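A.B. asks: Enclosed is the structure file my_file-v4.pdb (PDB, C-alpha atoms and all ligand atoms).
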MODEL        1
ATOM      1  CA  MET A   1      89.943  76.658  82.223  1.00  0.00           C
ATOM      2  CA  ASP A   2      93.022  75.981  80.144  1.00  0.00           C
ATOM      3  CA  TYR A   3      95.635  77.080  82.702  1.00  0.00           C
ATOM      4  CA  LYS A   4      98.553  76.834  80.296  1.00  0.00           C
ATOM      5  CA  LYS A   5      96.834  79.027  77.725  1.00  0.00           C
ATOM      6  CA  VAL A   6      95.887  81.632  80.374  1.00  0.00           C
ATOM      7  CA  ILE A   7      99.501  81.823  81.542  1.00  0.00           C
ATOM      8  CA  GLN A   8     100.739  82.219  77.950  1.00  0.00           C
ATOM      9  CA  THR A   9      98.236  84.985  77.197  1.00  0.00           C
ATOM     10  CA  THR A  10      99.141  86.745  80.449  1.00  0.00           C
ATOM     11  CA  GLU A  11     102.828  86.537  79.615  1.00  0.00           C
ATOM     12  CA  LYS A  12     102.185  88.289  76.281  1.00  0.00           C
ATOM     13  CA  PHE A  13     100.054  90.982  77.946  1.00  0.00           C
ATOM     14  CA  VAL A  14     102.730  91.691  80.553  1.00  0.00           C
ATOM     15  CA  LYS A  15     105.626  91.660  78.081  1.00  0.00           C
ATOM     16  CA  GLU A  16     103.941  94.405  76.066  1.00  0.00           C
ATOM     17  CA  ILE A  17     103.366  96.535  79.186  1.00  0.00           C
ATOM     18  CA  HIS A  18     107.012  96.344  80.352  1.00  0.00           C
ATOM     19  CA  LYS A  19     108.485  96.768  76.878  1.00  0.00           C
ATOM     20  CA  LYS A  20     109.848 100.286  77.344  1.00  0.00           C
ATOM     21  CA  GLU A  21     110.809  99.963  80.986  1.00  0.00           C
ATOM     22  CA  PHE A  22     114.316 101.040  82.070  1.00  0.00           C
ATOM     23  CA  SER A  23     113.942 101.582  85.820  1.00  0.00           C
ATOM     24  CA  GLY A  24     114.757  98.001  86.832  1.00  0.00           C
ATOM     25  CA  HIS A  25     111.185  96.842  86.219  1.00  0.00           C
ATOM     26  CA  ASP A  26     111.637  95.382  82.729  1.00  0.00           C
ATOM     27  CA  PHE A  27     110.243  92.019  81.615  1.00  0.00           C
ATOM     28  CA  ALA A  28     113.495  90.322  82.671  1.00  0.00           C
ATOM     29  CA  HIS A  29     112.658  91.376  86.276  1.00  0.00           C
ATOM     30  CA  ILE A  30     109.211  89.842  85.879  1.00  0.00           C
ATOM     31  CA  GLU A  31     110.724  86.602  84.536  1.00  0.00           C
ATOM     32  CA  ARG A  32     113.179  86.342  87.444  1.00  0.00           C
ATOM     33  CA  VAL A  33     110.424  86.964  89.990  1.00  0.00           C
ATOM     34  CA  ARG A  34     108.208  84.400  88.265  1.00  0.00           C
ATOM     35  CA  LYS A  35     110.946  81.754  88.371  1.00  0.00           C
ATOM     36  CA  MET A  36     111.864  82.411  92.011  1.00  0.00           C
ATOM     37  CA  ALA A  37     108.216  82.576  93.067  1.00  0.00           C
ATOM     38  CA  LEU A  38     107.535  79.178  91.484  1.00  0.00           C
ATOM     39  CA  GLU A  39     110.582  77.753  93.249  1.00  0.00           C
ATOM     40  CA  ILE A  40     109.597  79.147  96.658  1.00  0.00           C
ATOM     41  CA  GLY A  41     105.918  78.355  96.046  1.00  0.00           C
ATOM     42  CA  ALA A  42     106.699  74.689  95.353  1.00  0.00           C
ATOM     43  CA  GLN A  43     108.700  74.453  98.603  1.00  0.00           C
ATOM     44  CA  GLU A  44     105.918  76.161 100.547  1.00  0.00           C
ATOM     45  CA  GLN A  45     103.126  74.174  98.860  1.00  0.00           C
ATOM     46  CA  ALA A  46     101.299  77.228  97.551  1.00  0.00           C
ATOM     47  CA  ASP A  47      98.770  77.352  94.687  1.00  0.00           C
ATOM     48  CA  LEU A  48     101.215  77.665  91.806  1.00  0.00           C
ATOM     49  CA  PHE A  49      98.680  79.043  89.313  1.00  0.00           C
ATOM     50  CA  ILE A  50      97.916  82.033  91.562  1.00  0.00           C
ATOM     51  CA  VAL A  51     101.629  82.409  92.316  1.00  0.00           C
ATOM     52  CA  GLU A  52     102.590  82.473  88.637  1.00  0.00           C
ATOM     53  CA  MET A  53      99.759  84.825  87.612  1.00  0.00           C
ATOM     54  CA  ALA A  54     100.484  87.274  90.440  1.00  0.00           C
ATOM     55  CA  ALA A  55     104.227  87.164  89.736  1.00  0.00           C
ATOM     56  CA  LEU A  56     103.582  87.966  86.077  1.00  0.00           C
ATOM     57  CA  LEU A  57     101.111  90.771  86.826  1.00  0.00           C
ATOM     58  CA  HIS A  58     102.681  92.222  89.992  1.00  0.00           C
ATOM     59  CA  ASP A  59     104.239  95.350  88.505  1.00  0.00           C
ATOM     60  CA  THR A  60     101.520  96.180  85.954  1.00  0.00           C
ATOM     61  CA  VAL A  61      99.691  98.176  88.652  1.00  0.00           C
ATOM     62  CA  ASP A  62     102.732  99.746  90.338  1.00  0.00           C
ATOM     63  CA  GLU A  63     101.855 103.397  90.995  1.00  0.00           C
ATOM     64  CA  LYS A  64     105.454 104.500  90.502  1.00  0.00           C
ATOM     65  CA  LEU A  65     105.328 103.213  86.939  1.00  0.00           C
ATOM     66  CA  PHE A  66     101.725 103.644  85.815  1.00  0.00           C
ATOM     67  CA  ASP A  67      98.688 105.791  86.480  1.00  0.00           C
ATOM     68  CA  LYS A  68      96.737 103.869  89.125  1.00  0.00           C
ATOM     69  CA  GLU A  69      93.268 104.130  87.619  1.00  0.00           C
ATOM     70  CA  MET A  70      94.438 103.337  84.111  1.00  0.00           C
ATOM     71  CA  ALA A  71      96.449 100.345  85.317  1.00  0.00           C
ATOM     72  CA  TRP A  72      93.606  98.709  87.282  1.00  0.00           C
ATOM     73  CA  SER A  73      91.092  99.262  84.509  1.00  0.00           C
ATOM     74  CA  ARG A  74      93.571  97.785  81.998  1.00  0.00           C
ATOM     75  CA  LEU A  75      93.920  94.757  84.300  1.00  0.00           C
ATOM     76  CA  ASN A  76      90.156  94.320  84.711  1.00  0.00           C
ATOM     77  CA  ASP A  77      89.686  94.473  80.941  1.00  0.00           C
ATOM     78  CA  PHE A  78      92.344  91.797  80.630  1.00  0.00           C
ATOM     79  CA  TYR A  79      90.561  89.541  83.149  1.00  0.00           C
ATOM     80  CA  LEU A  80      87.447  89.833  81.003  1.00  0.00           C
ATOM     81  CA  THR A  81      89.253  88.785  77.845  1.00  0.00           C
ATOM     82  CA  ILE A  82      90.730  85.685  79.508  1.00  0.00           C
ATOM     83  CA  GLN A  83      87.470  85.004  81.407  1.00  0.00           C
ATOM     84  CA  LEU A  84      89.253  84.501  84.694  1.00  0.00           C
ATOM     85  CA  PRO A  85      86.870  83.373  87.467  1.00  0.00           C
ATOM     86  CA  VAL A  86      86.210  86.067  90.100  1.00  0.00           C
ATOM     87  CA  ALA A  87      87.653  83.984  92.961  1.00  0.00           C
ATOM     88  CA  GLN A  88      90.998  83.876  91.174  1.00  0.00           C
ATOM     89  CA  GLN A  89      90.835  87.552  90.238  1.00  0.00           C
ATOM     90  CA  ASP A  90      90.310  88.344  93.916  1.00  0.00           C
ATOM     91  CA  ALA A  91      93.216  86.148  95.012  1.00  0.00           C
ATOM     92  CA  ILE A  92      95.536  87.858  92.510  1.00  0.00           C
ATOM     93  CA  ASN A  93      94.258  91.385  93.223  1.00  0.00           C
ATOM     94  CA  HIS A  94      94.807  90.942  96.954  1.00  0.00           C
ATOM     95  CA  ILE A  95      98.463  90.200  96.231  1.00  0.00           C
ATOM     96  CA  LEU A  96      98.924  93.058  93.750  1.00  0.00           C
ATOM     97  CA  GLN A  97      97.339  95.502  96.142  1.00  0.00           C
ATOM     98  CA  TYR A  98      99.497  94.782  99.170  1.00  0.00           C
ATOM     99  CA  MET A  99     102.798  93.295  98.052  1.00  0.00           C
ATOM    100  CA  SER A 100     104.662  96.575  97.509  1.00  0.00           C
ATOM    101  CA  PHE A 101     106.996  97.749 100.307  1.00  0.00           C
ATOM    102  CA  ASN A 102     105.284 101.136 100.120  1.00  0.00           C
ATOM    103  CA  GLY A 103     107.614 102.732 102.645  1.00  0.00           C
ATOM    104  CA  GLY A 104     106.700  99.982 105.129  1.00  0.00           C
ATOM    105  CA  LYS A 105     103.023 100.972 105.095  1.00  0.00           C
ATOM    106  CA  ASN A 106     101.792  97.640 103.748  1.00  0.00           C
ATOM    107  CA  ALA A 107     103.301  95.667 106.642  1.00  0.00           C
ATOM    108  CA  GLY A 108     101.027  92.819 107.743  1.00  0.00           C
ATOM    109  CA  LYS A 109      98.377  93.403 105.081  1.00  0.00           C
ATOM    110  CA  LEU A 110      99.332  90.550 102.805  1.00  0.00           C
ATOM    111  CA  LYS A 111      97.392  87.548 104.108  1.00  0.00           C
ATOM    112  CA  SER A 112      97.651  84.714 101.584  1.00  0.00           C
ATOM    113  CA  LEU A 113     100.496  82.215 101.383  1.00  0.00           C
ATOM    114  CA  GLU A 114     100.663  82.884  97.626  1.00  0.00           C
ATOM    115  CA  GLY A 115     101.101  86.606  98.321  1.00  0.00           C
ATOM    116  CA  LYS A 116     103.897  85.954 100.783  1.00  0.00           C
ATOM    117  CA  VAL A 117     105.643  83.769  98.252  1.00  0.00           C
ATOM    118  CA  VAL A 118     105.458  86.323  95.421  1.00  0.00           C
ATOM    119  CA  GLN A 119     106.503  89.143  97.739  1.00  0.00           C
ATOM    120  CA  ASP A 120     109.570  87.158  98.829  1.00  0.00           C
ATOM    121  CA  ALA A 121     110.497  86.538  95.188  1.00  0.00           C
ATOM    122  CA  ASP A 122     110.125  90.240  94.355  1.00  0.00           C
ATOM    123  CA  ARG A 123     112.254  91.145  97.358  1.00  0.00           C
ATOM    124  CA  LEU A 124     114.967  88.690  96.399  1.00  0.00           C
ATOM    125  CA  ASP A 125     115.253  90.511  93.074  1.00  0.00           C
ATOM    126  CA  ALA A 126     115.776  93.761  95.004  1.00  0.00           C
ATOM    127  CA  LEU A 127     118.791  92.180  96.768  1.00  0.00           C
ATOM    128  CA  GLY A 128     122.261  91.011  95.744  1.00  0.00           C
ATOM    129  CA  ALA A 129     124.130  91.936  92.577  1.00  0.00           C
ATOM    130  CA  ILE A 130     120.927  92.342  90.585  1.00  0.00           C
ATOM    131  CA  GLY A 131     119.337  94.390  93.347  1.00  0.00           C
ATOM    132  CA  ILE A 132     122.335  96.726  93.291  1.00  0.00           C
ATOM    133  CA  ALA A 133     122.183  97.088  89.517  1.00  0.00           C
ATOM    134  CA  ARG A 134     118.432  97.759  89.582  1.00  0.00           C
ATOM    135  CA  THR A 135     118.840 100.440  92.234  1.00  0.00           C
ATOM    136  CA  PHE A 136     121.254 102.403  90.068  1.00  0.00           C
ATOM    137  CA  MET A 137     119.042 101.981  86.984  1.00  0.00           C
ATOM    138  CA  PHE A 138     116.119 103.346  89.002  1.00  0.00           C
ATOM    139  CA  ALA A 139     118.146 106.254  90.374  1.00  0.00           C
ATOM    140  CA  GLY A 140     119.357 107.203  86.898  1.00  0.00           C
ATOM    141  CA  LYS A 141     115.901 107.045  85.404  1.00  0.00           C
ATOM    142  CA  PHE A 142     114.308 109.125  88.176  1.00  0.00           C
ATOM    143  CA  GLY A 143     117.110 111.694  88.431  1.00  0.00           C
ATOM    144  CA  GLU A 144     118.710 110.677  91.727  1.00  0.00           C
ATOM    145  CA  ALA A 145     122.438 111.002  92.387  1.00  0.00           C
ATOM    146  CA  MET A 146     124.263 107.756  93.027  1.00  0.00           C
ATOM    147  CA  TYR A 147     125.540 109.216  96.277  1.00  0.00           C
ATOM    148  CA  ASP A 148     125.498 112.591  98.010  1.00  0.00           C
ATOM    149  CA  PRO A 149     126.584 112.750 101.674  1.00  0.00           C
ATOM    150  CA  ASN A 150     124.538 115.961 102.060  1.00  0.00           C
ATOM    151  CA  ILE A 151     121.217 114.285 101.249  1.00  0.00           C
ATOM    152  CA  PRO A 152     119.968 112.536 104.401  1.00  0.00           C
ATOM    153  CA  VAL A 153     118.447 109.064 104.454  1.00  0.00           C
ATOM    154  CA  ARG A 154     114.651 109.503 104.495  1.00  0.00           C
ATOM    155  CA  THR A 155     112.785 108.182 107.491  1.00  0.00           C
ATOM    156  CA  ASP A 156     109.334 108.850 106.030  1.00  0.00           C
ATOM    157  CA  LEU A 157     109.054 107.298 102.604  1.00  0.00           C
ATOM    158  CA  SER A 158     105.407 108.157 102.102  1.00  0.00           C
ATOM    159  CA  ASP A 159     106.344 110.697  99.461  1.00  0.00           C
ATOM    160  CA  TYR A 160     108.728 108.867  97.184  1.00  0.00           C
ATOM    161  CA  ARG A 161     109.362 112.139  95.315  1.00  0.00           C
ATOM    162  CA  THR A 162     111.392 113.556  98.239  1.00  0.00           C
ATOM    163  CA  PRO A 163     114.937 113.639  96.879  1.00  0.00           C
ATOM    164  CA  SER A 164     117.177 110.764  97.850  1.00  0.00           C
ATOM    165  CA  THR A 165     120.077 108.828  96.378  1.00  0.00           C
ATOM    166  CA  ALA A 166     120.792 105.305  95.212  1.00  0.00           C
ATOM    167  CA  ILE A 167     123.065 104.696  98.208  1.00  0.00           C
ATOM    168  CA  ASN A 168     120.379 106.010 100.600  1.00  0.00           C
ATOM    169  CA  HIS A 169     117.978 103.444  99.169  1.00  0.00           C
ATOM    170  CA  PHE A 170     120.039 100.647 100.746  1.00  0.00           C
ATOM    171  CA  TYR A 171     119.338 102.124 104.199  1.00  0.00           C
ATOM    172  CA  GLU A 172     115.779 103.210 103.431  1.00  0.00           C
ATOM    173  CA  LYS A 173     114.713  99.802 102.195  1.00  0.00           C
ATOM    174  CA  LEU A 174     117.171  97.171 100.967  1.00  0.00           C
ATOM    175  CA  PHE A 175     118.911  96.389 104.281  1.00  0.00           C
ATOM    176  CA  LYS A 176     115.511  96.129 105.975  1.00  0.00           C
ATOM    177  CA  LEU A 177     114.243  93.411 103.654  1.00  0.00           C
ATOM    178  CA  ILE A 178     116.188  90.521 105.201  1.00  0.00           C
ATOM    179  CA  ASP A 179     114.108  90.806 108.391  1.00  0.00           C
ATOM    180  CA  LEU A 180     110.872  91.102 106.437  1.00  0.00           C
ATOM    181  CA  MET A 181     111.123  87.884 104.443  1.00  0.00           C
ATOM    182  CA  ASN A 182     107.940  85.831 104.874  1.00  0.00           C
ATOM    183  CA  THR A 183     108.998  82.272 104.139  1.00  0.00           C
ATOM    184  CA  GLU A 184     111.876  80.159 105.442  1.00  0.00           C
ATOM    185  CA  THR A 185     112.859  79.365 101.849  1.00  0.00           C
ATOM    186  CA  GLY A 186     112.941  83.047 100.916  1.00  0.00           C
ATOM    187  CA  ARG A 187     114.867  84.062 104.000  1.00  0.00           C
ATOM    188  CA  ALA A 188     117.553  81.475 103.365  1.00  0.00           C
ATOM    189  CA  MET A 189     117.943  82.695  99.769  1.00  0.00           C
ATOM    190  CA  ALA A 190     118.170  86.316 100.948  1.00  0.00           C
ATOM    191  CA  GLN A 191     121.083  85.797 103.402  1.00  0.00           C
ATOM    192  CA  GLN A 192     123.878  85.577 100.885  1.00  0.00           C
ATOM    193  CA  ARG A 193     122.506  88.471  98.805  1.00  0.00           C
ATOM    194  CA  ASN A 194     122.376  90.665 101.895  1.00  0.00           C
ATOM    195  CA  ILE A 195     126.005  89.903 102.764  1.00  0.00           C
ATOM    196  CA  TYR A 196     127.021  90.761  99.201  1.00  0.00           C
ATOM    197  CA  MET A 197     125.256  94.149  99.381  1.00  0.00           C
ATOM    198  CA  LYS A 198     126.953  95.004 102.672  1.00  0.00           C
ATOM    199  CA  ALA A 199     130.353  94.270 101.110  1.00  0.00           C
ATOM    200  CA  PHE A 200     129.425  96.427  98.123  1.00  0.00           C
ATOM    201  CA  ILE A 201     128.526  99.408 100.302  1.00  0.00           C
ATOM    202  CA  ALA A 202     131.731  99.024 102.342  1.00  0.00           C
ATOM    203  CA  GLN A 203     133.816  98.989  99.148  1.00  0.00           C
ATOM    204  CA  PHE A 204     131.853 101.927  97.687  1.00  0.00           C
ATOM    205  CA  MET A 205     132.475 104.047 100.792  1.00  0.00           C
ATOM    206  CA  ALA A 206     136.154 103.103 100.870  1.00  0.00           C
ATOM    207  CA  GLU A 207     136.563 104.212  97.248  1.00  0.00           C
ATOM    208  CA  TRP A 208     134.584 107.420  97.847  1.00  0.00           C
ATOM    209  CA  GLY A 209     137.032 108.246 100.629  1.00  0.00           C
TER     210      GLY A 209
HETATM  211  P1  LIG A 301     108.184  97.411  95.677  1.00  0.00           P
HETATM  212  O1  LIG A 301     107.746  96.458  94.615  1.00  0.00           O
HETATM  213  O2  LIG A 301     108.466  96.756  96.979  1.00  0.00           O
HETATM  214  O3  LIG A 301     107.320  98.650  95.771  1.00  0.00           O
HETATM  215  P2  LIG A 301     109.879  99.075  94.250  1.00  0.00           P
HETATM  216  O4  LIG A 301     109.215  98.886  92.938  1.00  0.00           O
HETATM  217  O5  LIG A 301     109.707 100.355  94.993  1.00  0.00           O
HETATM  218  O6  LIG A 301     109.558  97.868  95.193  1.00  0.00           O
HETATM  219  O7  LIG A 301     111.388  98.884  94.105  1.00  0.00           O
HETATM  220  C1  LIG A 301     111.945  97.963  93.240  1.00  0.00           C
HETATM  221  C2  LIG A 301     113.374  98.344  93.049  1.00  0.00           C
HETATM  222  O8  LIG A 301     113.467  99.623  92.418  1.00  0.00           O
HETATM  223  C3  LIG A 301     114.129  98.561  94.353  1.00  0.00           C
HETATM  224  O9  LIG A 301     114.550  97.381  94.930  1.00  0.00           O
HETATM  225  C4  LIG A 301     115.256  99.426  93.898  1.00  0.00           C
HETATM  226  O10 LIG A 301     116.235  98.689  93.237  1.00  0.00           O
HETATM  227  C5  LIG A 301     114.558 100.341  92.950  1.00  0.00           C
HETATM  228  N1  LIG A 301     114.106 101.554  93.660  1.00  0.00           N
HETATM  229  C6  LIG A 301     112.887 101.843  94.128  1.00  0.00           C
HETATM  230  N2  LIG A 301     112.862 103.066  94.724  1.00  0.00           N
HETATM  231  C7  LIG A 301     114.112 103.556  94.606  1.00  0.00           C
HETATM  232  C8  LIG A 301     114.769 104.770  94.985  1.00  0.00           C
HETATM  233  N3  LIG A 301     114.113 105.761  95.596  1.00  0.00           N
HETATM  234  N4  LIG A 301     116.082 104.914  94.691  1.00  0.00           N
HETATM  235  C9  LIG A 301     116.753 103.949  94.062  1.00  0.00           C
HETATM  236  N5  LIG A 301     116.205 102.776  93.674  1.00  0.00           N
HETATM  237  C10 LIG A 301     114.909 102.582  93.935  1.00  0.00           C
HETATM  238 NI    NI A 302     108.682  93.825  91.069  1.00  0.00          NI
ENDMDL
END
Mind turning this structure into structure tokens?

C.D. replies:
Amino acid sequence: MDYKKVIQTTEKFVKEIHKKEFSGHDFAHIERVRKMALEIGAQEQADLFIVEMAALLHDTVDEKLFDKEMAWSRLNDFYLTIQLPVAQQDAINHILQYMSFNGGKNAGKLKSLEGKVVQDADRLDALGAIGIARTFMFAGKFGEAMYDPNIPVRTDLSDYRTPSTAINHFYEKLFKLIDLMNTETGRAMAQQRNIYMKAFIAQFMAEWG
């Protein structure tokens, strides 16, 4: 298999899928996750082909963005066109299936080192200045207020359609991520981003008054 060619073809496929994406899951997000995943993966001695493929494909089957059945069948058709061996399809699919936070319901299900690496990279992009910006893009796109003291923080996230706010999302998910990082490399990178988010929330609340 010509690995370089497969990666290039996958990049094109993914770019097309995320073209009209304005909820913080655009192709720039995919590129950042890819870069960070390769960095962490090299440190952790993971299989970098699986890491790069899963990073590229990770949001093409996100149920918040795409119809589940359509997305998986689109992915399987793509595997056929690039003639990806089944063992590698399985390794990638395992990651795509379990890497989402999913209200905490996927905890412990991601088994492979490559999955842990890609999940850490995706989580890093949910943190820090970029994580903050993405949260407000998402809230705007899906009709959430940026803040409303009368809307309580959700404890059960199983129905993501329950109304919430961008600020609530920090308590529902973002501040939990630091303790859920899989790799030492990822955890170290997450520290500073977490501190930055805490300062942001403190400033936001001070200005809100
Ligand atoms: P995962 O890949 O772990 O499922 P998501 O795709 O749910 O992560 O979230 C990616 C980013 O989208 C979050 O880090 C956040 O910035 C934004 N986001 C997701 N859900 C919400 C929400 N309910 N309110 C605001 N932002 C959200
Ligand atoms: Ni993502």

A.B. asks: So which residues get picked by the PyMOL selection byres (((chain A and resi 152) around 12) and not hetatm) here, written as a PyMOL selection string?

C.D. replies: chain A and resi 147-151+153-156+162-169+171-172

A.B. asks: List all protein, DNA and RNA residues that have any atom at most 8 Å from ligand NI 302 (chain A), counting all atoms listed in the file, and write the list as a list of chain:residue names.

C.D. replies: A:His25, A:His29, A:Ile30, A:Val33, A:His58, A:Asp59, A:Asp122, A:Arg123, A:Asp125

A.B. asks: How many Å separate atom CA of Leu174 of chain A from atom CA of Met146 of chain A?

C.D. replies: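 Straight-line distance from atom CA of Leu174 of chain A to atom CA of Met146 of chain A works out to 15.0 Å.
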
A.B. asks: For a quick check of understanding, using only C-alpha atoms and all ligand atoms, which of A:Glu144, A:Asp67, A:Glu207, A:Glu21 has the smallest distance to ligand LIG 301 (chain A)?

C.D. replies: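 Residue with the minimum atom-to-atom distance to ligand LIG 301 (chain A): A:Glu144.
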
A.B. asks: Can you tell me which residues come within 6 Å of ligand LIG 301 (chain A) when counting only C-alpha atoms and all ligand atoms, ideally as a list in words?

C.D. replies: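 Using only C-alpha atoms and all ligand atoms, everything at most 6 Å from ligand LIG 301 (chain A) comes to Gly24, Ser100, Phe101, Asn102, Ala126, Gly131, Arg134, Thr135, Phe138, Ala139, Thr165, Ala166 and His169 of chain A.
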
A.B. asks: So which one's closest to Val51 of chain A, A:Leu80, A:Ala133, A:Val14, A:Ala91? Using only C-alpha atoms, please.

C.D. replies: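 Smallest distance to Val51 of chain A is found for A:Ala91.
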
A.B. asks: Measuring atom to atom with all atoms listed in the file, identify which of A:Ala71, A:Ile82, A:Ala46, A:Ala145 is nearest to Thr9 of chain A.

C.D. replies: A:Ile82

A.B. asks: Smallest atom-to-atom distance to Gln119 of chain A: which of A:Arg34, A:Lys105, A:Lys173, A:Lys64, using only C-alpha atoms?

C.D. replies: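 Using only C-alpha atoms, Gln119 of chain A sits closest to A:Arg34.
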
A.B. asks: I'd like the box whose edges run along x, y and z of the file and which contains every listed atom of segment 23-29 of chain A, padded by 6 Å per side; could you state its centre and edge lengths in Å, one decimal, as lines of an AutoDock Vina configuration file?

C.D. replies:
center_x = 112.5
center_y = 96.0
center_z = 84.2
size_x = 16.5
size_y = 23.3
size_z = 17.2

A.B. asks: So what does the PyMOL selection byres (((chain A and resi 96) around 8) and not hetatm) actually pick up in this one, as a list in words?

C.D. replies: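 Those residues are Ala54, Leu57, His58, Asp59, Val61, Ile92, Asn93, His94, Ile95, Gln97, Tyr98, Met99 and Ser100 of chain A.
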